[in-house]
Structure formats: C-alpha cells, structure tokens
Amino acid sequence: MWFRVGWKCRVWTGQFPAPSGSSDPPGASSGVRMGRRRRLAGARLDSGPMSCSAPHFSAAVLADSRLRAVVIGAGPAGLMAAETLLAGGAAVQVYDAMPSVGRKFLLAGKGGLNLTHAEPPASFRARYGERSAEVGRWLDRLDAQGLRDWAAELGIQTFVGSSGKVFPAEMKAAPLLRAWLHRLRMQGAVFHMRQRWTGALQPTSGAGWQLEFSGPDGVRTVQADRVLLALGGASWPQLGSDGAWQAWLDEAGVPVAPLVSANCGFEVRWSAFLRERHAGQPLKAVRLRHRDGQGQLFERTGEAVVSDYGLEGGLIYAASAPLRRDIAARGPAQVELDLLPQRSLEEVTAALARGRGSRSWTNHLREQTGLAGVKAALLREGLDAAAWPALQTQPAALARRIKALPLCLEAPRPVAEAISSAGGVRLEGLDASLQLRSHPGVACAGEMLDWEAPTGGYLLTACFASGRVAAEGLLNREVRSAGLDSGAAGPICPPDRLP
C-alpha cells in the first residue's frame, strides 16, 4: 500500500516493527524473555514522557518530511490508531483530556478484561446487527484471532473461558496497557494529557489542519497533516467520554445520530417490598421474551439482576437494542420472563397440583419447583392482596405465570450509566477508510461511530479494529497538494465560536 509523505513516496508493508531496544538478543532463553516481560509489565502506566507543556511538534519533526498526525483520545481505538500511524512512518502526538491513558479500558478490566470472543467468525460478525457488514470490513483488518496475536506480541498471553470469552492470562487490563504504552513510546509516540480539544478544527492554507486544546497552561494551537478523532461515546463521562463533540460535528455538517444508552439496564416499577428485600439479587437461568412492533422476536436464556430501579445484567444488555428501539417507537415495552426455562408448562402444572399437606405455601413452592427468594417474590409483583391467595389455588394459572411472567420495562437508564452508547457519527458520512467525507484527512474511530454491540468482547474488538482501519486510511491518503483543495473543507468549531 502506497502513501505519500512530503515529497517522497514510501511503502508501508503493514507490519509493525519491534520497538527499539525491546527485541530479545539472539539465543536468549525463555527465562530472559519472561524476565523482560515482567519488568515491562511492572512499569508505571504514567511513566515516560507525558508532555503537557512541551512543543506539540519539535523543530526536528517540523523540519523533516514525516506526516504529522494528531490522535485525539487515548482509549483502545486511539492507541491502536497511533500504533498504526507510527508503523507507517508518521510523527504521532496523542492528546487526551484525562490525567492518564485508557481509563475506561482499565475499568473494563477491573473484574477481568474480556478482550474478545472465540466464537466462529460468521457468528461473531452477526453480533453487530444492522452494522454487521460495515464492522465486518473492519474485522477483515483485525479480527478476534488477530487481536490475540497482537496481545501475544506484547507478551500478554490469552485464554478462552468456558463461555467462549477471551481473557488475558493475568485477567487484568493494566499489564497489557503498560506493555502497550511502553512500545508506543519506544516507537516515538508523544502523549499530552489534561489537554481537552475545544472543538476547533480549521483547514490551513498548506495541506493540513489547525486544532485548539485547552489545558492547565491555557489554550494552545496545534498544526497537523492528519487528524484522527477517537473521542468515545457518552457512557461513563467521568472517565473522559462526555459526548461534547456531537454539537461541534453537527454544526460542521457531519451527520451525527444522537448518543443513547446501549448495554444498559431498564426501569421497572417494583413494589417497595421487592426493592427493600431483593434489590441486588441475581436471577439465574431465566428466559427473556420480547416481540417488538414489527413482530421481531427476541428470546434468550441467561442471567439478570433485580436492581432498585428495575432490571440489569447480561441478559438485559443483550436485549437492550431492540428494547430501546421499541420503547422509543411505542412507549413502555412488555416482556415475559420464564422463571423455569428448563421445565415445561405441563411439568410445572403437575408439580404445583400435588397436595402440600401441612407445609406452608412458600415451602411447597420451593420443594415442587425450586423457586425461592427473588424468583418467588417476583410472582407476587403487580397482584393485589386478594389476587395472590386466589392464584395459589389455581396450579395451571400459577404455572403459566411462572413460565411467562409479564413485566413492563418503562425506559432505559441514562446513557451516563450505560456500559456503552449507541449512535454517533453516521457511517454514511464516512468513506470506507472512516475519513469524514466533508473533511478529507480527518478520520473517526471507536465508540464515537454509529454502531453497537453486546458485551462479551465484541465492543473492544471493533474499537481496536476501527482504529487500525482509520489510521491506515490516513496513511494511504495522498496529501492535499496532490489535488485536494484545503479550502474545500469547512471548519469545525464549537457552536458559540462559529463565525
């Protein structure tokens, strides 16, 4: 793949060179290699040159012919883009508003970093729903196995769990991030932390862009030949992704879909009794059914959690996209929970019809069906004081309720509480290399794009892959002097600063 840098032409092979000084000497033993990896993993995440006040591009960089690339956002997509740009010979500066790199990535790995998933490629790609074709093209450049190979190059071994999820051997995100940052710095990346992009992006008279960042030392301008935006969505804004960029890009004519909750909980009006006694308790092995206004059926078995506001957990997150769309179109969504998916309606009816003798109703229900605790309490939700005793005398009716417990999900939880967000820069406003059609030389990657996926490693994989695709597109784009008019693209500015 050819790309033009300054007045020279170079060829990028697509291979990532080993960082200077990090390769093993010839004949090194496995013990030497493991010792190096342990020292690398022990490095501090914020070690090395994290520049806030240094010149944004040194005089040497400005004088040479290398492509000057600015990456805004130091999450998985931004860092993968930085690595790809460095491998292509660019001088890379990474800016982020937070004090340290990869904060949301570290939080995702707090209980075990689910890096990707080992299911077959066709099934894997289908997880991206309406955007499976587009995301599939990103995965052609970096798929699940490619991500595992990439981690292995960093000295991070992975394994496949019983559910097919892929984890680092050490389970945590920090060792991987330490090794990755070390390699990026060795390759020449310079990080500027506590530098918040103001939204200003002006085409220059030459062949690049001028940006503004606000930091502890005030507002400063930066010149770049290429810009890559990896600003995240709007979930967990305290970790850096606040979605402020939506207004800026929208004003500049970039098509943006509103950011909404994905992989989120939903609100249910529980009784005070259920909230006080059972909030926080898991619902294991239940089956969720939901049919939307177009007749599309979602049906899956999994686990959920009863929270004080409603329902959350893996099963609910998996259904969040169709539930959210249905609520937006028709109002509160009606779902059914099968509390005993492993038993048929006939079996449950027969079990409840057995005489209970002197046993209490609670003990009879537990002994005949295994229902107790939060599942038993759910059976009483929405019933008045007279309806519940009457239902206890009707085995067939009670069995139907156990197998199809009706619940009303009123609304998704706010996007700030969600694991991820849907919406963002519409893919129709980008070319195949994820560059803005309206702003050549500016690309977008990661969660700020309009796609979504369930939890289970699918989110991270696509973020990594999109970062690589966007950076490759910037590397392979001819400079504007080859025929692009820098004045053809309009500025991006905060709405209150538009001319």
# chains A, B, ... in the order shown; residues from 1 in each chain; ligands from 1
>>> residues_around(residues="Lys172 of chain A", least_positions_apart="6", cutoff="7 Å", atoms="only C-alpha atoms", output="list in words")
Gly109, Lys110, Gly112 and Leu113 of chain A
>>> closest_residue(among="A:Leu460, A:Leu86, A:Val94, A:Ala465", to="Thr116 of chain A", atoms="only C-alpha atoms")
A:Leu460
>>> residues_around(residues="Arg196 of chain A", least_positions_apart="4", cutoff="12 Å", atoms="only C-alpha atoms", output="list in words")
Cys52, Ile72, Gly73, Ala74, Val94, Tyr95, Asp96, Ala97, Met98, Pro99, His192, Ala200, Leu211, Glu212, Phe213, Ser214, Gly215, Pro216, Asp217, Gly218, Val219, Arg220, Thr221, Leu231, Gly240, Ser241, Asp242, Ala244 and Trp245 of chain A
>>> write_last_selection(atoms="N, CA and C atoms", output="CSV table (one decimal), in the first residue's frame")
chain,number,residue,atom,x,y,z
A,52,CYS,N,2.8,18.0,28.6
A,52,CYS,CA,1.7,18.9,28.6
A,52,CYS,C,2.2,20.3,28.1
A,72,ILE,N,-6.7,12.3,18.8
A,72,ILE,CA,-7.4,12.9,20.0
A,72,ILE,C,-8.2,11.8,20.6
A,73,GLY,N,-7.8,11.4,21.8
A,73,GLY,CA,-8.5,10.3,22.5
A,73,GLY,C,-7.5,9.1,22.7
A,74,ALA,N,-7.2,8.8,24.0
A,74,ALA,CA,-6.2,7.8,24.3
A,74,ALA,C,-6.9,6.5,24.9
A,94,VAL,N,-0.5,12.2,20.7
A,94,VAL,CA,-1.7,11.8,21.2
A,94,VAL,C,-2.2,12.7,22.3
A,95,TYR,N,-3.4,13.2,22.2
A,95,TYR,CA,-4.0,14.2,23.2
A,95,TYR,C,-5.2,13.6,23.9
A,96,ASP,N,-5.3,13.8,25.2
A,96,ASP,CA,-6.5,13.3,25.9
A,96,ASP,C,-6.8,14.3,27.1
A,97,ALA,N,-8.0,14.4,27.4
A,97,ALA,CA,-8.5,15.3,28.4
A,97,ALA,C,-8.2,14.8,29.8
A,98,MET,N,-8.0,13.5,30.0
A,98,MET,CA,-7.8,12.9,31.3
A,98,MET,C,-6.4,13.0,31.7
A,99,PRO,N,-6.1,12.8,33.0
A,99,PRO,CA,-4.7,12.8,33.5
A,99,PRO,C,-3.9,11.6,33.1
A,192,HIS,N,0.1,13.9,25.4
A,192,HIS,CA,-0.2,15.2,26.0
A,192,HIS,C,-1.5,15.0,26.8
A,200,ALA,N,-12.3,23.1,18.0
A,200,ALA,CA,-11.9,23.9,16.9
A,200,ALA,C,-11.0,23.1,16.0
A,211,LEU,N,-5.7,22.8,15.1
A,211,LEU,CA,-6.6,22.5,16.2
A,211,LEU,C,-6.3,23.3,17.4
A,212,GLU,N,-7.2,23.3,18.3
A,212,GLU,CA,-7.0,24.0,19.6
A,212,GLU,C,-7.3,23.0,20.8
A,213,PHE,N,-6.5,23.2,21.8
A,213,PHE,CA,-6.6,22.4,23.0
A,213,PHE,C,-6.5,23.3,24.2
A,214,SER,N,-7.3,22.9,25.2
A,214,SER,CA,-7.3,23.7,26.5
A,214,SER,C,-6.8,22.8,27.6
A,215,GLY,N,-5.8,23.4,28.3
A,215,GLY,CA,-5.1,22.6,29.3
A,215,GLY,C,-4.8,23.5,30.5
A,216,PRO,N,-4.0,23.0,31.4
A,216,PRO,CA,-3.6,23.7,32.6
A,216,PRO,C,-2.9,25.0,32.3
A,217,ASP,N,-2.2,25.1,31.2
A,217,ASP,CA,-1.5,26.3,30.8
A,217,ASP,C,-2.2,27.2,29.8
A,218,GLY,N,-3.5,26.9,29.6
A,218,GLY,CA,-4.3,27.7,28.8
A,218,GLY,C,-4.6,27.1,27.4
A,219,VAL,N,-5.0,27.8,26.5
A,219,VAL,CA,-5.4,27.3,25.1
A,219,VAL,C,-4.2,27.4,24.2
A,220,ARG,N,-4.0,26.4,23.5
A,220,ARG,CA,-2.9,26.4,22.5
A,220,ARG,C,-3.3,25.8,21.2
A,221,THR,N,-2.6,26.1,20.1
A,221,THR,CA,-2.9,25.6,18.8
A,221,THR,C,-1.9,24.6,18.4
A,231,LEU,N,-13.0,9.9,20.2
A,231,LEU,CA,-13.4,10.7,21.4
A,231,LEU,C,-14.4,9.9,22.2
A,240,GLY,N,-13.9,10.3,30.9
A,240,GLY,CA,-13.4,11.1,29.7
A,240,GLY,C,-14.3,11.2,28.5
A,241,SER,N,-15.3,10.3,28.3
A,241,SER,CA,-16.1,10.4,27.1
A,241,SER,C,-17.4,11.1,27.5
A,242,ASP,N,-17.5,12.3,27.2
A,242,ASP,CA,-18.8,13.1,27.6
A,242,ASP,C,-19.7,13.4,26.4
A,244,ALA,N,-19.3,15.7,24.2
A,244,ALA,CA,-19.4,17.1,23.8
A,244,ALA,C,-19.2,17.3,22.3
A,245,TRP,N,-18.5,16.5,21.7
A,245,TRP,CA,-18.2,16.6,20.3
A,245,TRP,C,-19.4,16.6,19.4
>>> residues_around(residues="segment 100-102 of chain A", least_positions_apart="6", cutoff="7 Å", atoms="only C-alpha atoms", output="ChimeraX atom specification")
/A:46,74-76,193
>>> write_last_selection(atoms="C-alpha atoms", output="PDB file, in the first residue's frame")
ATOM      1  CA  ASP A  46       2.230   7.065  33.536  1.00  0.00           C
ATOM      2  CA  ALA A  74      -6.238   7.766  24.304  1.00  0.00           C
ATOM      3  CA  GLY A  75      -8.593   4.802  24.551  1.00  0.00           C
ATOM      4  CA  PRO A  76      -8.259   1.489  22.675  1.00  0.00           C
ATOM      5  CA  MET A 193      -2.514  14.623  28.977  1.00  0.00           C
TER       6      MET A 193
END
>>> residues_around(residues="Val415 of chain A", least_positions_apart="2", cutoff="6 Å", atoms="only C-alpha atoms", output="list in words")
Ser235, Val260, Ser261, Glu417 and Ala418 of chain A
>>> closest_atom_pairs(of="segment 408-451 of chain A", to="segment 125-146 of chain A", cutoff="10 Å", atoms="only C-alpha atoms", output="CSV")
residue,atom,partner,partner_atom,distance
A:Leu427,CA,A:Glu134,CA,8.3
A:Ala432,CA,A:Glu134,CA,8.6
A:Ser433,CA,A:Trp138,CA,9.1
A:Leu434,CA,A:Trp138,CA,9.8
A:Asp450,CA,A:Arg131,CA,8.5
A:Trp451,CA,A:Arg131,CA,6.1
>>> write_last_selection(atoms="N, CA and C atoms", output="PDB file, in the first residue's frame")
ATOM      1  N   LEU A 427     -22.075   6.285   9.730  1.00  0.00           N
ATOM      2  CA  LEU A 427     -21.103   5.713   8.805  1.00  0.00           C
ATOM      3  C   LEU A 427     -21.325   6.206   7.386  1.00  0.00           C
ATOM      4  N   ALA A 432     -14.914   4.517   3.131  1.00  0.00           N
ATOM      5  CA  ALA A 432     -14.592   3.157   3.589  1.00  0.00           C
ATOM      6  C   ALA A 432     -13.425   3.131   4.554  1.00  0.00           C
ATOM      7  N   SER A 433     -12.570   4.164   4.514  1.00  0.00           N
ATOM      8  CA  SER A 433     -11.424   4.227   5.428  1.00  0.00           C
ATOM      9  C   SER A 433     -11.724   5.039   6.680  1.00  0.00           C
ATOM     10  N   LEU A 434     -13.011   5.343   6.900  1.00  0.00           N
ATOM     11  CA  LEU A 434     -13.504   6.043   8.092  1.00  0.00           C
ATOM     12  C   LEU A 434     -13.056   7.496   8.159  1.00  0.00           C
ATOM     13  N   ASP A 450     -21.346   5.341  14.742  1.00  0.00           N
ATOM     14  CA  ASP A 450     -22.723   4.865  14.917  1.00  0.00           C
ATOM     15  C   ASP A 450     -22.820   3.354  14.677  1.00  0.00           C
ATOM     16  N   TRP A 451     -22.487   2.588  15.698  1.00  0.00           N
ATOM     17  CA  TRP A 451     -22.625   1.138  15.689  1.00  0.00           C
ATOM     18  C   TRP A 451     -22.765   0.717  17.146  1.00  0.00           C
TER      19      TRP A 451
END
>>> select_by_dssp(residues="segment 103-193 of chain A", states="strand (DSSP E)", output="list in words")
Thr116, His117, Thr158, Phe159, Val160, Lys165, Val166, Phe167, Pro168, Val190, Phe191 and His192 of chain A
>>> atom_distance(atom1="atom CA of Ala151 of chain A", atom2="atom CA of Leu176 of chain A")
7.4 Å
>>> atom_distance(atom1="atom CA of Gln394 of chain A", atom2="atom CA of Thr369 of chain A")
15.0 Å
>>> decode(residues="segment 356-394 of chain A", atoms="N, CA and C atoms", output="PDB file, in the first residue's frame")
ATOM      1  N   ARG A 356     -50.065 -30.169  49.287  1.00  0.00           N
ATOM      2  CA  ARG A 356     -48.975 -29.646  50.109  1.00  0.00           C
ATOM      3  C   ARG A 356     -49.099 -30.029  51.573  1.00  0.00           C
ATOM      4  N   GLY A 357     -50.225 -30.682  51.943  1.00  0.00           N
ATOM      5  CA  GLY A 357     -50.383 -31.133  53.321  1.00  0.00           C
ATOM      6  C   GLY A 357     -50.256 -29.994  54.297  1.00  0.00           C
ATOM      7  N   SER A 358     -49.412 -30.199  55.305  1.00  0.00           N
ATOM      8  CA  SER A 358     -49.254 -29.176  56.351  1.00  0.00           C
ATOM      9  C   SER A 358     -48.159 -28.168  56.036  1.00  0.00           C
ATOM     10  N   ARG A 359     -47.504 -28.335  54.897  1.00  0.00           N
ATOM     11  CA  ARG A 359     -46.414 -27.419  54.549  1.00  0.00           C
ATOM     12  C   ARG A 359     -46.963 -26.024  54.222  1.00  0.00           C
ATOM     13  N   SER A 360     -46.170 -25.041  54.483  1.00  0.00           N
ATOM     14  CA  SER A 360     -46.549 -23.676  54.098  1.00  0.00           C
ATOM     15  C   SER A 360     -46.496 -23.561  52.579  1.00  0.00           C
ATOM     16  N   TRP A 361     -47.181 -22.552  52.050  1.00  0.00           N
ATOM     17  CA  TRP A 361     -47.176 -22.368  50.615  1.00  0.00           C
ATOM     18  C   TRP A 361     -45.756 -22.074  50.103  1.00  0.00           C
ATOM     19  N   THR A 362     -44.994 -21.304  50.861  1.00  0.00           N
ATOM     20  CA  THR A 362     -43.617 -20.989  50.460  1.00  0.00           C
ATOM     21  C   THR A 362     -42.779 -22.254  50.348  1.00  0.00           C
ATOM     22  N   ASN A 363     -42.895 -23.154  51.331  1.00  0.00           N
ATOM     23  CA  ASN A 363     -42.133 -24.405  51.285  1.00  0.00           C
ATOM     24  C   ASN A 363     -42.620 -25.311  50.155  1.00  0.00           C
ATOM     25  N   HIS A 364     -43.943 -25.343  49.944  1.00  0.00           N
ATOM     26  CA  HIS A 364     -44.497 -26.159  48.865  1.00  0.00           C
ATOM     27  C   HIS A 364     -43.955 -25.692  47.510  1.00  0.00           C
ATOM     28  N   LEU A 365     -43.934 -24.371  47.282  1.00  0.00           N
ATOM     29  CA  LEU A 365     -43.430 -23.814  46.026  1.00  0.00           C
ATOM     30  C   LEU A 365     -41.958 -24.153  45.842  1.00  0.00           C
ATOM     31  N   ARG A 366     -41.181 -24.034  46.910  1.00  0.00           N
ATOM     32  CA  ARG A 366     -39.744 -24.323  46.813  1.00  0.00           C
ATOM     33  C   ARG A 366     -39.492 -25.800  46.549  1.00  0.00           C
ATOM     34  N   GLU A 367     -40.205 -26.687  47.245  1.00  0.00           N
ATOM     35  CA  GLU A 367     -39.955 -28.118  47.096  1.00  0.00           C
ATOM     36  C   GLU A 367     -40.427 -28.650  45.751  1.00  0.00           C
ATOM     37  N   GLN A 368     -41.506 -28.117  45.220  1.00  0.00           N
ATOM     38  CA  GLN A 368     -42.055 -28.645  43.973  1.00  0.00           C
ATOM     39  C   GLN A 368     -41.452 -28.001  42.719  1.00  0.00           C
ATOM     40  N   THR A 369     -41.007 -26.751  42.828  1.00  0.00           N
ATOM     41  CA  THR A 369     -40.497 -26.056  41.638  1.00  0.00           C
ATOM     42  C   THR A 369     -39.062 -25.544  41.800  1.00  0.00           C
ATOM     43  N   GLY A 370     -38.590 -25.456  43.034  1.00  0.00           N
ATOM     44  CA  GLY A 370     -37.269 -24.891  43.265  1.00  0.00           C
ATOM     45  C   GLY A 370     -37.261 -23.379  43.331  1.00  0.00           C
ATOM     46  N   LEU A 371     -38.428 -22.747  43.233  1.00  0.00           N
ATOM     47  CA  LEU A 371     -38.494 -21.281  43.266  1.00  0.00           C
ATOM     48  C   LEU A 371     -38.483 -20.782  44.703  1.00  0.00           C
ATOM     49  N   ALA A 372     -37.593 -19.856  44.958  1.00  0.00           N
ATOM     50  CA  ALA A 372     -37.493 -19.256  46.295  1.00  0.00           C
ATOM     51  C   ALA A 372     -36.840 -17.890  46.140  1.00  0.00           C
ATOM     52  N   GLY A 373     -36.790 -17.145  47.227  1.00  0.00           N
ATOM     53  CA  GLY A 373     -36.117 -15.857  47.211  1.00  0.00           C
ATOM     54  C   GLY A 373     -36.714 -14.885  46.212  1.00  0.00           C
ATOM     55  N   VAL A 374     -35.842 -14.289  45.388  1.00  0.00           N
ATOM     56  CA  VAL A 374     -36.283 -13.232  44.491  1.00  0.00           C
ATOM     57  C   VAL A 374     -37.222 -13.761  43.409  1.00  0.00           C
ATOM     58  N   LYS A 375     -37.018 -14.984  42.932  1.00  0.00           N
ATOM     59  CA  LYS A 375     -37.928 -15.520  41.913  1.00  0.00           C
ATOM     60  C   LYS A 375     -39.327 -15.720  42.472  1.00  0.00           C
ATOM     61  N   ALA A 376     -39.421 -16.218  43.685  1.00  0.00           N
ATOM     62  CA  ALA A 376     -40.733 -16.388  44.310  1.00  0.00           C
ATOM     63  C   ALA A 376     -41.391 -15.035  44.556  1.00  0.00           C
ATOM     64  N   ALA A 377     -40.584 -14.055  44.958  1.00  0.00           N
ATOM     65  CA  ALA A 377     -41.133 -12.720  45.222  1.00  0.00           C
ATOM     66  C   ALA A 377     -41.663 -12.079  43.946  1.00  0.00           C
ATOM     67  N   LEU A 378     -41.015 -12.343  42.829  1.00  0.00           N
ATOM     68  CA  LEU A 378     -41.464 -11.753  41.561  1.00  0.00           C
ATOM     69  C   LEU A 378     -42.878 -12.200  41.184  1.00  0.00           C
ATOM     70  N   LEU A 379     -43.262 -13.402  41.608  1.00  0.00           N
ATOM     71  CA  LEU A 379     -44.589 -13.907  41.256  1.00  0.00           C
ATOM     72  C   LEU A 379     -45.700 -13.042  41.828  1.00  0.00           C
ATOM     73  N   ARG A 380     -45.410 -12.323  42.884  1.00  0.00           N
ATOM     74  CA  ARG A 380     -46.433 -11.502  43.536  1.00  0.00           C
ATOM     75  C   ARG A 380     -46.471 -10.076  43.000  1.00  0.00           C
ATOM     76  N   GLU A 381     -45.471  -9.684  42.193  1.00  0.00           N
ATOM     77  CA  GLU A 381     -45.419  -8.315  41.689  1.00  0.00           C
ATOM     78  C   GLU A 381     -46.629  -8.017  40.799  1.00  0.00           C
ATOM     79  N   GLY A 382     -47.275  -6.902  41.075  1.00  0.00           N
ATOM     80  CA  GLY A 382     -48.419  -6.467  40.281  1.00  0.00           C
ATOM     81  C   GLY A 382     -49.746  -7.071  40.693  1.00  0.00           C
ATOM     82  N   LEU A 383     -49.754  -7.930  41.699  1.00  0.00           N
ATOM     83  CA  LEU A 383     -51.004  -8.558  42.161  1.00  0.00           C
ATOM     84  C   LEU A 383     -51.456  -7.900  43.457  1.00  0.00           C
ATOM     85  N   ASP A 384     -52.765  -7.728  43.587  1.00  0.00           N
ATOM     86  CA  ASP A 384     -53.270  -7.130  44.822  1.00  0.00           C
ATOM     87  C   ASP A 384     -53.404  -8.194  45.908  1.00  0.00           C
ATOM     88  N   ALA A 385     -53.827  -7.765  47.078  1.00  0.00           N
ATOM     89  CA  ALA A 385     -53.873  -8.656  48.243  1.00  0.00           C
ATOM     90  C   ALA A 385     -54.826  -9.820  48.042  1.00  0.00           C
ATOM     91  N   ALA A 386     -55.859  -9.653  47.235  1.00  0.00           N
ATOM     92  CA  ALA A 386     -56.822 -10.737  47.019  1.00  0.00           C
ATOM     93  C   ALA A 386     -56.396 -11.669  45.886  1.00  0.00           C
ATOM     94  N   ALA A 387     -55.697 -11.130  44.882  1.00  0.00           N
ATOM     95  CA  ALA A 387     -55.351 -11.936  43.704  1.00  0.00           C
ATOM     96  C   ALA A 387     -54.309 -12.997  44.009  1.00  0.00           C
ATOM     97  N   TRP A 388     -53.356 -12.699  44.886  1.00  0.00           N
ATOM     98  CA  TRP A 388     -52.286 -13.664  45.160  1.00  0.00           C
ATOM     99  C   TRP A 388     -52.802 -14.917  45.873  1.00  0.00           C
ATOM    100  N   PRO A 389     -53.583 -14.818  46.935  1.00  0.00           N
ATOM    101  CA  PRO A 389     -54.112 -16.039  47.556  1.00  0.00           C
ATOM    102  C   PRO A 389     -54.979 -16.851  46.593  1.00  0.00           C
ATOM    103  N   ALA A 390     -55.726 -16.170  45.742  1.00  0.00           N
ATOM    104  CA  ALA A 390     -56.567 -16.881  44.779  1.00  0.00           C
ATOM    105  C   ALA A 390     -55.704 -17.638  43.770  1.00  0.00           C
ATOM    106  N   LEU A 391     -54.595 -17.043  43.352  1.00  0.00           N
ATOM    107  CA  LEU A 391     -53.718 -17.692  42.383  1.00  0.00           C
ATOM    108  C   LEU A 391     -53.082 -18.963  42.946  1.00  0.00           C
ATOM    109  N   GLN A 392     -52.843 -18.968  44.253  1.00  0.00           N
ATOM    110  CA  GLN A 392     -52.218 -20.140  44.878  1.00  0.00           C
ATOM    111  C   GLN A 392     -53.098 -21.385  44.762  1.00  0.00           C
ATOM    112  N   THR A 393     -54.390 -21.199  44.576  1.00  0.00           N
ATOM    113  CA  THR A 393     -55.316 -22.340  44.482  1.00  0.00           C
ATOM    114  C   THR A 393     -55.533 -22.793  43.044  1.00  0.00           C
ATOM    115  N   GLN A 394     -54.838 -22.163  42.098  1.00  0.00           N
ATOM    116  CA  GLN A 394     -55.017 -22.474  40.675  1.00  0.00           C
ATOM    117  C   GLN A 394     -53.674 -22.890  40.063  1.00  0.00           C
TER     118      GLN A 394
END
